[in-house]
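Enquirer: Supplied structure: structure.txt, compact mmCIF, C-alpha atoms and all ligand atoms.
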```txt
# COMPACT_ATOMS: atom_id res chain seq x y z
CA MET A 365 -2.74 -10.68 20.23
CA THR A 366 -0.98 -7.88 22.11
CA ILE A 367 -1.87 -4.35 21.07
CA THR A 368 0.84 -1.77 21.59
CA LEU A 369 -0.40 1.48 23.10
CA HIS A 370 1.83 4.51 22.93
CA GLY A 371 -0.52 6.98 24.59
CA ASN A 372 -0.04 8.31 28.12
CA GLU A 373 -2.63 7.61 30.83
CA GLN A 374 -4.58 10.78 30.06
CA GLN A 375 -4.76 9.94 26.34
CA LYS A 376 -5.77 6.34 27.04
CA ALA A 377 -8.51 7.47 29.44
CA LYS A 378 -9.93 9.83 26.82
CA TYR A 379 -9.58 7.83 23.59
CA LEU A 380 -9.77 4.13 24.45
CA PRO A 381 -13.44 4.28 25.60
CA MET A 382 -14.29 6.08 22.34
CA LEU A 383 -12.66 3.34 20.29
CA ALA A 384 -14.30 0.66 22.42
CA SER A 385 -17.73 2.11 21.54
CA ASP A 386 -18.84 2.85 17.99
CA LYS A 387 -15.93 5.09 16.98
CA LEU A 388 -13.43 4.03 14.34
CA GLY A 389 -9.75 4.85 14.32
CA ALA A 390 -7.43 5.29 11.32
CA TYR A 391 -3.67 5.42 10.78
CA SER A 392 -2.29 8.17 8.57
CA LEU A 393 1.39 7.95 7.70
CA SER A 394 1.48 7.94 3.86
CA GLU A 395 1.35 10.89 1.52
CA ALA A 396 1.23 11.24 -2.27
CA GLY A 397 5.02 11.57 -2.42
CA ALA A 398 5.85 9.49 0.65
CA GLY A 399 4.75 5.84 0.71
CA THR A 400 7.62 3.39 0.99
CA ASP A 401 9.81 6.42 1.63
CA ALA A 402 7.70 7.55 4.59
CA ALA A 403 10.44 9.82 5.96
CA ALA A 404 9.97 12.01 2.88
CA MET A 405 6.60 13.21 4.24
CA SER A 406 5.91 16.90 3.78
CA CYS A 407 3.06 17.54 6.25
CA LYS A 408 4.23 20.07 8.79
CA ALA A 409 3.36 20.94 12.37
CA LYS A 410 4.10 24.28 14.02
CA LEU A 411 3.61 25.08 17.68
CA SER A 412 1.25 28.02 18.27
CA GLU A 413 2.68 31.18 19.84
CA ASP A 414 0.95 30.53 23.17
CA GLY A 415 2.24 26.91 23.15
CA THR A 416 -1.21 25.35 23.63
CA HIS A 417 -1.58 23.64 20.27
CA TYR A 418 0.05 22.66 17.01
CA LEU A 419 -1.07 23.88 13.60
CA LEU A 420 -0.83 21.10 11.01
CA THR A 421 -0.66 21.77 7.27
CA GLY A 422 -0.44 19.44 4.28
CA GLU A 423 -2.24 16.48 2.78
CA LYS A 424 -2.14 12.83 3.84
CA MET A 425 -3.11 10.05 1.43
CA TRP A 426 -4.28 6.43 1.40
CA VAL A 427 -6.02 6.53 4.76
CA THR A 428 -7.91 3.26 5.32
CA ASN A 429 -11.30 4.01 6.91
CA GLY A 430 -10.40 7.68 6.62
CA VAL A 431 -13.95 8.69 5.70
CA SER A 432 -15.67 6.65 8.42
CA ALA A 433 -13.12 7.21 11.19
CA ASP A 434 -13.51 9.67 14.06
CA ILE A 435 -9.97 9.54 15.45
CA TYR A 436 -6.67 9.44 13.57
CA VAL A 437 -3.09 8.76 14.51
CA LEU A 438 -1.48 11.13 12.04
CA PHE A 439 2.18 11.90 11.39
CA ALA A 440 3.65 15.33 10.54
CA LYS A 441 7.04 16.96 10.98
CA ASP A 442 7.47 19.45 13.80
CA VAL A 443 9.36 22.30 12.09
CA ASP A 444 10.70 23.63 15.40
CA HIS A 445 12.26 20.32 16.44
CA PRO A 446 16.09 20.43 16.49
CA ASP A 447 16.28 17.37 14.19
CA TYR A 448 13.96 18.91 11.58
CA GLY A 449 15.87 19.33 8.31
CA VAL A 450 18.93 17.66 9.88
CA LYS A 451 17.84 14.01 9.73
CA LYS A 452 15.54 12.88 6.91
CA HIS A 453 12.77 11.85 9.31
CA GLY A 454 13.76 14.61 11.75
CA GLY A 455 10.88 16.15 13.68
CA THR A 456 8.38 13.42 12.77
CA THR A 457 5.68 13.57 15.40
CA ALA A 458 2.60 11.40 15.97
CA PHE A 459 -0.60 13.28 16.76
CA ILE A 460 -4.03 12.10 17.85
CA VAL A 461 -6.39 14.05 15.60
CA GLU A 462 -10.15 14.15 15.89
CA LYS A 463 -12.32 14.60 12.83
CA THR A 464 -14.02 17.60 14.45
CA PHE A 465 -10.79 19.56 14.93
CA GLU A 466 -10.72 22.96 13.21
CA GLY A 467 -8.85 22.87 9.88
CA PHE A 468 -9.38 19.13 9.28
CA THR A 469 -11.24 17.90 6.18
CA VAL A 470 -11.73 14.52 4.58
CA GLY A 471 -10.61 14.78 0.94
CA LYS A 472 -10.95 12.56 -2.13
CA LYS A 473 -12.23 9.03 -1.71
CA GLU A 474 -10.33 6.57 -3.92
CA ASP A 475 -12.10 4.31 -6.44
CA LYS A 476 -10.26 1.03 -5.86
CA LEU A 477 -9.68 -2.37 -7.51
CA GLY A 478 -10.52 -4.27 -4.34
CA ILE A 479 -11.35 -3.95 -0.61
CA ARG A 480 -14.18 -1.73 -1.79
CA SER A 481 -16.18 -2.09 1.42
CA SER A 482 -13.42 -0.22 3.25
CA ASP A 483 -13.04 3.44 2.30
CA THR A 484 -9.64 4.97 1.48
CA CYS A 485 -9.17 8.72 1.23
CA THR A 486 -6.96 11.76 1.53
CA LEU A 487 -7.03 14.05 4.57
CA VAL A 488 -6.54 17.78 4.14
CA LEU A 489 -4.93 19.78 6.94
CA GLU A 490 -5.26 23.55 6.75
CA ASN A 491 -3.83 24.96 9.96
CA CYS A 492 -5.50 22.05 11.70
CA LYS A 493 -5.53 22.87 15.41
CA VAL A 494 -4.28 19.96 17.54
CA PRO A 495 -3.86 20.43 21.33
CA VAL A 496 -0.31 19.79 22.58
CA GLU A 497 -1.62 17.08 24.90
CA ASN A 498 -2.50 15.08 21.76
CA VAL A 499 1.14 14.44 20.88
CA LEU A 500 1.97 10.75 21.30
CA LYS A 501 5.10 10.21 23.44
CA ALA A 502 6.92 13.47 22.58
CA PRO A 503 7.57 15.82 19.66
CA GLY A 504 10.09 14.29 17.25
CA LYS A 505 9.50 10.75 18.58
CA GLY A 506 6.99 9.77 15.91
CA PHE A 507 9.10 7.82 13.46
CA PRO A 508 9.81 4.84 15.75
CA ILE A 509 6.08 4.81 16.61
CA ALA A 510 5.27 4.53 12.89
CA MET A 511 7.79 1.75 12.30
CA ASN A 512 6.74 -0.12 15.44
CA ALA A 513 3.10 0.02 14.34
CA LEU A 514 4.05 -1.51 10.99
CA ASP A 515 5.89 -4.43 12.62
CA ASN A 516 2.68 -5.23 14.46
CA SER A 517 0.13 -4.54 11.76
CA ARG A 518 1.99 -6.62 9.17
CA ILE A 519 0.84 -9.68 11.10
CA GLY A 520 -2.72 -8.42 10.70
CA ILE A 521 -2.28 -8.03 6.94
CA ALA A 522 -0.75 -11.51 6.79
CA ALA A 523 -3.89 -12.79 8.53
CA GLN A 524 -6.01 -10.87 6.00
CA GLY A 525 -4.11 -12.56 3.15
CA LEU A 526 -4.59 -15.92 4.82
CA GLY A 527 -8.35 -15.35 5.16
CA ILE A 528 -8.66 -14.37 1.50
CA ALA A 529 -6.65 -17.43 0.42
CA GLN A 530 -8.70 -19.73 2.65
CA GLY A 531 -11.98 -18.34 1.26
CA ALA A 532 -10.81 -18.70 -2.34
CA TYR A 533 -9.55 -22.23 -1.74
CA GLU A 534 -12.81 -23.34 -0.08
CA SER A 535 -14.87 -21.90 -2.96
CA ALA A 536 -12.71 -23.69 -5.52
CA LEU A 537 -12.79 -26.99 -3.62
CA LYS A 538 -16.58 -26.95 -3.33
CA TYR A 539 -17.07 -25.98 -6.95
CA ALA A 540 -14.63 -28.61 -8.21
CA HIS A 541 -16.69 -31.33 -6.55
CA GLU A 542 -19.99 -30.02 -7.95
CA ARG A 543 -19.08 -29.07 -11.49
CA GLU A 544 -18.94 -31.90 -13.97
CA ALA A 545 -17.04 -32.01 -17.24
CA PHE A 546 -16.57 -35.10 -19.40
CA GLY A 547 -18.93 -37.00 -17.12
CA VAL A 548 -17.01 -36.56 -13.85
CA PRO A 549 -16.57 -33.77 -11.25
CA ILE A 550 -13.69 -31.58 -12.40
CA ALA A 551 -11.99 -32.36 -9.04
CA ARG A 552 -11.24 -35.76 -10.61
CA HIS A 553 -9.29 -34.24 -13.49
CA GLN A 554 -5.69 -34.49 -12.43
CA MET A 555 -4.67 -30.95 -13.26
CA ILE A 556 -7.49 -29.54 -11.12
CA THR A 557 -6.60 -32.01 -8.34
CA SER A 558 -3.05 -30.75 -8.49
CA TYR A 559 -4.18 -27.10 -8.19
CA LEU A 560 -6.34 -27.95 -5.18
CA ALA A 561 -3.53 -29.83 -3.46
CA ASP A 562 -1.13 -26.92 -4.01
CA MET A 563 -3.73 -24.41 -2.80
CA ALA A 564 -4.39 -26.42 0.38
CA THR A 565 -0.66 -26.69 1.05
CA GLN A 566 0.03 -22.99 0.49
CA VAL A 567 -2.87 -22.00 2.78
CA GLU A 568 -1.63 -24.32 5.51
CA ALA A 569 1.93 -22.98 5.25
CA ALA A 570 0.65 -19.38 5.36
CA ARG A 571 -1.42 -20.18 8.44
CA LEU A 572 1.58 -21.59 10.29
CA MET A 573 3.66 -18.53 9.40
CA VAL A 574 0.96 -16.15 10.65
CA TYR A 575 0.71 -18.12 13.92
CA LYS A 576 4.49 -18.15 14.29
CA ALA A 577 4.70 -14.38 13.77
CA ALA A 578 1.91 -13.76 16.30
CA TRP A 579 3.58 -16.10 18.79
CA THR A 580 6.97 -14.38 18.31
CA LYS A 581 5.32 -11.02 18.92
CA GLU A 582 3.75 -12.33 22.13
CA GLN A 583 7.11 -13.71 23.26
CA HIS A 584 8.72 -10.36 22.53
CA TYR A 585 6.26 -8.31 24.56
CA HIS A 586 5.69 -10.70 27.46
CA HIS A 587 8.66 -13.06 27.71
CA ASN A 588 11.63 -10.95 26.68
CA GLY A 589 11.87 -12.68 23.30
CA HIS A 590 13.58 -11.16 20.26
CA ARG A 591 11.76 -8.54 18.21
CA HIS A 592 9.33 -9.96 15.67
CA SER A 593 10.17 -7.76 12.65
CA LYS A 594 11.56 -10.63 10.55
CA GLU A 595 8.73 -13.06 11.36
CA ALA A 596 6.08 -10.38 10.69
CA SER A 597 7.64 -9.53 7.32
CA MET A 598 8.01 -13.19 6.36
CA ALA A 599 4.38 -13.91 7.26
CA LYS A 600 3.14 -10.84 5.36
CA LEU A 601 5.28 -11.67 2.32
CA PHE A 602 4.24 -15.32 2.19
CA ALA A 603 0.56 -14.89 3.08
CA GLY A 604 0.17 -11.94 0.65
CA ASP A 605 1.69 -13.94 -2.20
CA THR A 606 -0.44 -16.94 -1.18
CA ALA A 607 -3.61 -14.82 -1.30
CA MET A 608 -2.73 -13.65 -4.80
CA TRP A 609 -1.72 -17.07 -6.12
CA VAL A 610 -4.56 -19.06 -4.54
CA SER A 611 -7.26 -16.58 -5.56
CA GLU A 612 -5.97 -16.56 -9.14
CA ARG A 613 -6.03 -20.39 -9.22
CA ALA A 614 -9.53 -20.33 -7.75
CA VAL A 615 -10.75 -18.16 -10.65
CA GLN A 616 -9.14 -20.70 -13.00
CA VAL A 617 -10.85 -23.67 -11.31
CA LEU A 618 -14.23 -21.97 -11.72
CA GLY A 619 -13.54 -21.25 -15.40
CA GLY A 620 -15.87 -18.64 -16.93
CA TYR A 621 -18.04 -18.55 -13.79
CA GLY A 622 -15.01 -17.50 -11.77
CA TYR A 623 -14.80 -14.37 -13.90
CA THR A 624 -18.29 -13.21 -12.91
CA THR A 625 -19.70 -11.66 -9.77
CA ASP A 626 -22.03 -14.68 -9.36
CA PHE A 627 -19.25 -16.37 -7.37
CA PRO A 628 -17.03 -14.84 -4.69
CA VAL A 629 -13.67 -15.76 -6.22
CA GLU A 630 -13.40 -12.67 -8.46
CA ARG A 631 -13.72 -10.58 -5.31
CA PHE A 632 -11.06 -12.62 -3.49
CA PHE A 633 -8.82 -12.12 -6.54
CA ARG A 634 -9.31 -8.32 -6.48
CA ASP A 635 -8.99 -8.08 -2.69
CA ALA A 636 -5.82 -10.21 -2.59
CA LYS A 637 -3.70 -7.66 -4.43
CA ILE A 638 -3.73 -5.07 -1.66
CA THR A 639 -2.06 -7.50 0.75
CA GLN A 640 1.04 -7.28 -1.47
CA ILE A 641 1.02 -3.47 -1.32
CA TYR A 642 0.00 -1.91 1.97
CA GLU A 643 1.70 -2.03 5.35
CA GLY A 644 4.91 -2.07 3.29
CA THR A 645 5.12 -3.59 -0.19
CA GLN A 646 6.47 -7.10 -0.79
CA GLU A 647 9.75 -5.50 -1.88
CA VAL A 648 9.98 -3.77 1.51
CA GLN A 649 9.32 -7.06 3.34
CA LYS A 650 12.26 -8.58 1.47
CA LEU A 651 14.46 -5.68 2.54
CA VAL A 652 13.46 -6.19 6.19
CA ILE A 653 14.06 -9.94 5.98
CA ALA A 654 17.39 -9.48 4.18
CA ARG A 655 18.54 -7.01 6.85
CA ALA A 656 17.55 -9.42 9.62
CA ILE A 657 19.22 -12.50 8.13
CA SER A 658 22.43 -10.61 7.39
CA LYS A 659 22.88 -10.37 11.19
CA ASP A 660 23.12 -14.19 11.25
CA VAL A 661 26.34 -14.19 9.24
C1 LIG A 701 -5.98 0.66 -0.44
C2 LIG A 701 -4.82 1.24 0.31
C3 LIG A 701 -4.94 1.46 1.66
C4 LIG A 701 -3.89 2.04 2.37
N1 LIG A 701 -4.04 2.32 3.70
C5 LIG A 701 -3.09 3.07 4.34
C6 LIG A 701 -3.31 3.55 5.67
O1 LIG A 701 -4.35 3.28 6.31
N2 LIG A 701 -2.38 4.36 6.22
C7 LIG A 701 -1.24 4.70 5.58
O2 LIG A 701 -0.43 5.44 6.15
N3 LIG A 701 -0.97 4.23 4.33
C8 LIG A 701 -1.87 3.44 3.69
N4 LIG A 701 -1.64 2.98 2.41
C9 LIG A 701 -0.39 3.35 1.74
C10 LIG A 701 0.50 2.17 1.46
O3 LIG A 701 1.13 1.74 2.64
C11 LIG A 701 1.49 2.60 0.35
O4 LIG A 701 0.76 2.67 -0.86
C12 LIG A 701 2.65 1.67 0.23
O5 LIG A 701 3.49 1.78 1.34
C13 LIG A 701 3.47 1.92 -1.04
O6 LIG A 701 3.78 3.27 -1.16
P1 LIG A 701 3.52 4.00 -2.57
O7 LIG A 701 2.15 3.69 -3.00
O8 LIG A 701 3.93 5.41 -2.43
O9 LIG A 701 4.50 3.28 -3.58
P2 LIG A 701 6.04 3.63 -3.81
O10 LIG A 701 6.71 3.79 -2.50
O11 LIG A 701 6.13 4.72 -4.79
O12 LIG A 701 6.54 2.27 -4.47
C14 LIG A 701 6.31 1.96 -5.87
C15 LIG A 701 7.07 0.66 -6.16
O13 LIG A 701 8.48 0.85 -5.94
C16 LIG A 701 8.94 -0.12 -4.99
N5 LIG A 701 9.99 0.47 -4.14
C17 LIG A 701 9.97 1.66 -3.50
N6 LIG A 701 11.09 1.81 -2.78
C18 LIG A 701 11.82 0.69 -2.96
C19 LIG A 701 13.08 0.22 -2.47
N7 LIG A 701 13.81 0.95 -1.62
N8 LIG A 701 13.53 -0.99 -2.88
C20 LIG A 701 12.78 -1.74 -3.72
N9 LIG A 701 11.58 -1.38 -4.21
C21 LIG A 701 11.11 -0.18 -3.84
C22 LIG A 701 7.72 -0.52 -4.19
O14 LIG A 701 7.89 -1.78 -3.57
C23 LIG A 701 6.64 -0.50 -5.26
O15 LIG A 701 6.67 -1.70 -5.99
C24 LIG A 701 -2.67 2.36 1.70
C25 LIG A 701 -2.56 2.10 0.32
C26 LIG A 701 -3.61 1.57 -0.37
C27 LIG A 701 -3.46 1.32 -1.86
```
Show this structure as structure tokens.
Expert:
Amino acid sequence: MTITLHGNEQQKAKYLPMLASDKLGAYSLSEAGAGTDAAAMSCKAKLSEDGTHYLLTGEKMWVTNGVSADIYVLFAKDVDHPDYGVKKHGGTTAFIVEKTFEGFTVGKKEDKLGIRSSDTCTLVLENCKVPVENVLKAPGKGFPIAMNALDNSRIGIAAQGLGIAQGAYESALKYAHEREAFGVPIARHQMITSYLADMATQVEAARLMVYKAAWTKEQHYHHNGHRHSKEASMAKLFAGDTAMWVSERAVQVLGGYGYTTDFPVERFFRDAKITQIYEGTQEVQKLVIARAISKDV
């Protein structure tokens, strides 16, 4: 899949080798009061008097891999930008921030329902000193970068939902052929058969939608095709809902055992929920899709 890189040549030369080695990157747009409404962010950036660096203040939230990461793409509003305070997202600027920068601290780590092997935390910025050469594109040009990243990463979350659904379905299928009740494998009881057939169908449909979104993205970047926002949102919406529905059915197929940690389906069930929330909630995907289809009228 194509990866969109916004950095200039100097930034790519410095940071891409780091990310290609053992360093992790993280994406920090959200704040406590600015999730869906990302433009409401309150983190601020002020250019230093000698013009060599920005000083960032505020607190970011919900940063996936925020504890383990070394490099962050982090968004804050440049208070000196002419659009600051004029447009809602005015002044939004994307910065490359390193964990070692002065004034940067990793804050509270969240205790989550699922995806517990990936850390999620707040980042605290107290006059965090970021060199001017670490601005992506230009000051005030951050909001389109944030939105563009979401269009692309939604396909990744759709693929995550698909993987969870596939895992849950396979566990349920295997179990249904091993577990006997009333003298036959439960897979031979028609209601269980019906669940399995529906699960298989949903997973297949989700897979095709993920592939279609990835293909549309490729066409957009390499063959002048239309932008993939609608397809990415549709895939994320459908695969996220599929992950939730299939993993819940899988717990049901396993009965009491599905409710324990002895089998993986309870984990799939807990992990599925996040695919309906991050990278834009399901409600947001519907807004994106509705906006796109209204152009067809
Ligand atoms: C585990 C986890 C990891 C995350 N990782 C990252 C990350 O790495 N980087 C990052 O920047 N963010 C990350 N996020 C943040 C995530 O993207 C937000 O939580 C998400 O966008 C929702 O924002 P919110 O939590 O503020 O909910 P809110 O925006 O407060 O929404 C609450 C509810 O209201 C609905 N709603 C809001 N506005 C509308 C509207 N206009 N129309 C209809 N319904 C609406 C929402 O759909 C939702 O149901 C992560 C979140 C979690 C939980």
Enquirer: For stretch 407-413 of chain A, work out the shell of residues within 7 Å, counting all atoms listed in the file and skipping chain neighbours fewer than 3 positions away, then give it as a compact mmCIF listing (two decimals) with C-alpha atoms, in the frame of the given file.
Expert:
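File part15.txt, as written:
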```
# COMPACT_ATOMS: atom_id res chain seq x y z
CA THR A 416 -1.21 25.35 23.63
CA HIS A 417 -1.58 23.64 20.27
CA TYR A 418 0.05 22.66 17.01
CA LEU A 419 -1.07 23.88 13.60
CA LEU A 420 -0.83 21.10 11.01
CA THR A 421 -0.66 21.77 7.27
CA GLY A 422 -0.44 19.44 4.28
CA GLU A 423 -2.24 16.48 2.78
CA ALA A 440 3.65 15.33 10.54
CA LYS A 441 7.04 16.96 10.98
CA ASP A 442 7.47 19.45 13.80
CA VAL A 443 9.36 22.30 12.09
CA ASP A 444 10.70 23.63 15.40
```
Enquirer: What is the distance, in Å and to one decimal place, between atom CA of A:Gln649 and atom CA of A:Glu534?
Expert: 27.7 Å
Enquirer: May I ask you to write as a PyMOL selection string all residues lying at most 6 Å from ligand LIG 701 (chain A), with only C-alpha atoms and all ligand atoms counted?
Expert: chain A and resi 391-394+398-401+426-428+484+641-645+647-648
Enquirer: One decimal, Å: what's the distance from atom CA of A:Ile550 over to atom CA of A:Ile528, could you say?
Expert: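 Distance reported for this atom pair: 22.7 Å.
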Enquirer: So, with only C-alpha atoms as the atoms that count, which of A:Lys501, A:Lys538, A:Arg591, A:His453 lies closest to A:Gln375?
Expert: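 Going through A:Lys501, A:Lys538, A:Arg591, A:His453 one by one, the smallest distance to A:Gln375 is for A:Lys501.
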Enquirer: Enumerate, as a PyMOL selection string, the protein, DNA and RNA residues whose atoms approach (1.3, -16.2, 18.7) to within 12 Å, taking into account all atoms listed in the file and the coordinate frame of the file.
Expert: chain A and resi 365-366+516+519-520+523+571-586+592+595-596
Enquirer: Counting all atoms listed in the file, find the residues whose atoms lie at most 10 Å from (-11.3, 8.2, 10.4) (file coordinates) and write them out as a list in words.
Expert: Lys387, Leu388, Gly389, Ala390, Tyr391, Ser392, Val427, Thr428, Asn429, Gly430, Val431, Ser432, Ala433, Asp434, Ile435, Tyr436, Val437, Val461, Glu462, Lys463, Val470, Asp483, Thr484, Cys485 and Leu487 of chain A
Enquirer: Work out how far atom CA of A:Glu395 is from atom CA of A:Val450, in Å to one decimal.
Expert: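 Between atom CA of A:Val450 and atom CA of A:Glu395 the gap is 20.6 Å.
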Enquirer: Would you compute the box with edges along x, y and z of the file around stretch 555-570 of chain A, including every atom the file lists for it and 4 Å extra on each side, and give its centre and edge lengths in Å to one decimal, as lines of an AutoDock Vina configuration file?
Expert:
```
center_x = -2.8
center_y = -25.7
center_z = -3.9
size_x = 17.4
size_y = 20.6
size_z = 26.8
```
Enquirer: For each of A:Asp414, A:Glu497, A:Asp515, A:Asp605, take the minimum atom-to-atom distance to A:Phe459, counting only C-alpha atoms, then give the residue where this is smallest.
Expert: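 Ranked by minimum distance to A:Phe459, first place goes to A:Glu497.
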Enquirer: Which residue out of A:Ala570, A:Ala607, A:Met598, A:Val617 has the minimum interatomic distance to A:Thr557 when only C-alpha atoms are used?
Expert: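 Among the listed residues, A:Val617 lies closest to A:Thr557.
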Enquirer: Return the single residue from A:Ala551, A:Ala532, A:Ile638, A:Val496 that is closest to A:Gly622, with distances computed using all atoms listed in the file.
Expert: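 With all atoms listed in the file as the atom set, the closest residue is A:Ala532.
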Enquirer: Write out as number ranges by chain which residues come within 12 Å of A:Ala545 when counting all atoms listed in the file, dropping same-chain ones fewer than 5 positions away.
Expert: A: 539-540, 550-553, 556, 617-619
Enquirer: Taking only C-alpha atoms into account, which of A:Leu500, A:Leu477, A:Ala654, A:Val494 comes nearest A:Glu630?
Expert: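 Under the stated criterion, the closest residue is A:Leu477.
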Enquirer: Using all atoms listed in the file, which residues sit within 10 Å of A:Gly397 once same-chain residues fewer than 4 positions away are excluded, as a compact mmCIF listing (two decimals) with C-alpha atoms, in the frame of the given file?
Expert:
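The result, stored in around26.txt:
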```txt
# COMPACT_ATOMS: atom_id res chain seq x y z
CA ASP A 401 9.81 6.42 1.63
CA ALA A 402 7.70 7.55 4.59
CA ALA A 404 9.97 12.01 2.88
CA MET A 405 6.60 13.21 4.24
CA SER A 406 5.91 16.90 3.78
CA LYS A 424 -2.14 12.83 3.84
CA MET A 425 -3.11 10.05 1.43
```
Enquirer: May I ask which of the residues A:Ala458, A:Ala396, A:Ala536, A:Ala636 is the closest one to A:Pro503, counting all atoms listed in the file?
Expert: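 Distance minimum relative to A:Pro503 lands on A:Ala458.
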Enquirer: Is there a way to complete stretch 402-424 of chain A with N, CA and C atoms and then write that out as a short mmCIF file (atom, residue, chain, number, x, y, z; two decimals), keeping the file's coordinate frame?
Expert:
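Output file rebuild-v7.cif follows:
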```
data_model
loop_
_atom_site.label_atom_id
_atom_site.label_comp_id
_atom_site.auth_asym_id
_atom_site.auth_seq_id
_atom_site.Cartn_x
_atom_site.Cartn_y
_atom_site.Cartn_z
N ALA A 402 8.58 6.78 3.68
CA ALA A 402 7.70 7.55 4.59
C ALA A 402 8.40 8.77 5.18
N ALA A 403 9.71 8.69 5.36
CA ALA A 403 10.44 9.82 5.96
C ALA A 403 10.42 11.05 5.07
N ALA A 404 10.02 10.87 3.81
CA ALA A 404 9.97 12.01 2.88
C ALA A 404 8.67 12.82 3.05
N MET A 405 7.90 12.52 4.07
CA MET A 405 6.60 13.21 4.24
C MET A 405 6.79 14.73 4.31
N SER A 406 5.77 15.44 3.81
CA SER A 406 5.91 16.90 3.78
C SER A 406 4.90 17.62 4.68
N CYS A 407 3.99 16.89 5.32
CA CYS A 407 3.06 17.54 6.25
C CYS A 407 3.84 18.15 7.42
N LYS A 408 3.46 19.36 7.76
CA LYS A 408 4.23 20.07 8.79
C LYS A 408 3.36 20.42 10.00
N ALA A 409 4.04 20.54 11.13
CA ALA A 409 3.36 20.94 12.37
C ALA A 409 4.14 22.09 12.98
N LYS A 410 3.43 23.13 13.39
CA LYS A 410 4.10 24.28 14.02
C LYS A 410 3.40 24.62 15.32
N LEU A 411 4.18 24.75 16.37
CA LEU A 411 3.61 25.08 17.68
C LEU A 411 3.04 26.51 17.65
N SER A 412 1.86 26.68 18.25
CA SER A 412 1.25 28.02 18.27
C SER A 412 2.06 28.93 19.20
N GLU A 413 1.89 30.23 19.04
CA GLU A 413 2.68 31.18 19.84
C GLU A 413 2.44 31.03 21.33
N ASP A 414 1.21 30.69 21.73
CA ASP A 414 0.95 30.53 23.17
C ASP A 414 1.29 29.11 23.66
N GLY A 415 1.77 28.25 22.75
CA GLY A 415 2.24 26.91 23.15
C GLY A 415 1.14 25.94 23.54
N THR A 416 -0.12 26.25 23.21
CA THR A 416 -1.21 25.35 23.63
C THR A 416 -1.57 24.31 22.59
N HIS A 417 -1.22 24.60 21.32
CA HIS A 417 -1.58 23.64 20.27
C HIS A 417 -0.62 23.71 19.09
N TYR A 418 -0.70 22.67 18.26
CA TYR A 418 0.05 22.66 17.01
C TYR A 418 -0.89 23.02 15.88
N LEU A 419 -0.32 23.63 14.83
CA LEU A 419 -1.07 23.88 13.60
C LEU A 419 -0.49 22.98 12.52
N LEU A 420 -1.31 22.08 11.99
CA LEU A 420 -0.83 21.10 11.01
C LEU A 420 -1.26 21.52 9.61
N THR A 421 -0.32 21.44 8.67
CA THR A 421 -0.66 21.77 7.27
C THR A 421 -0.12 20.69 6.35
N GLY A 422 -0.88 20.41 5.28
CA GLY A 422 -0.44 19.44 4.28
C GLY A 422 -1.57 18.49 3.94
N GLU A 423 -1.22 17.44 3.19
CA GLU A 423 -2.24 16.48 2.78
C GLU A 423 -1.72 15.05 2.97
N LYS A 424 -2.48 14.25 3.68
CA LYS A 424 -2.14 12.83 3.84
C LYS A 424 -2.92 12.05 2.78
#
```
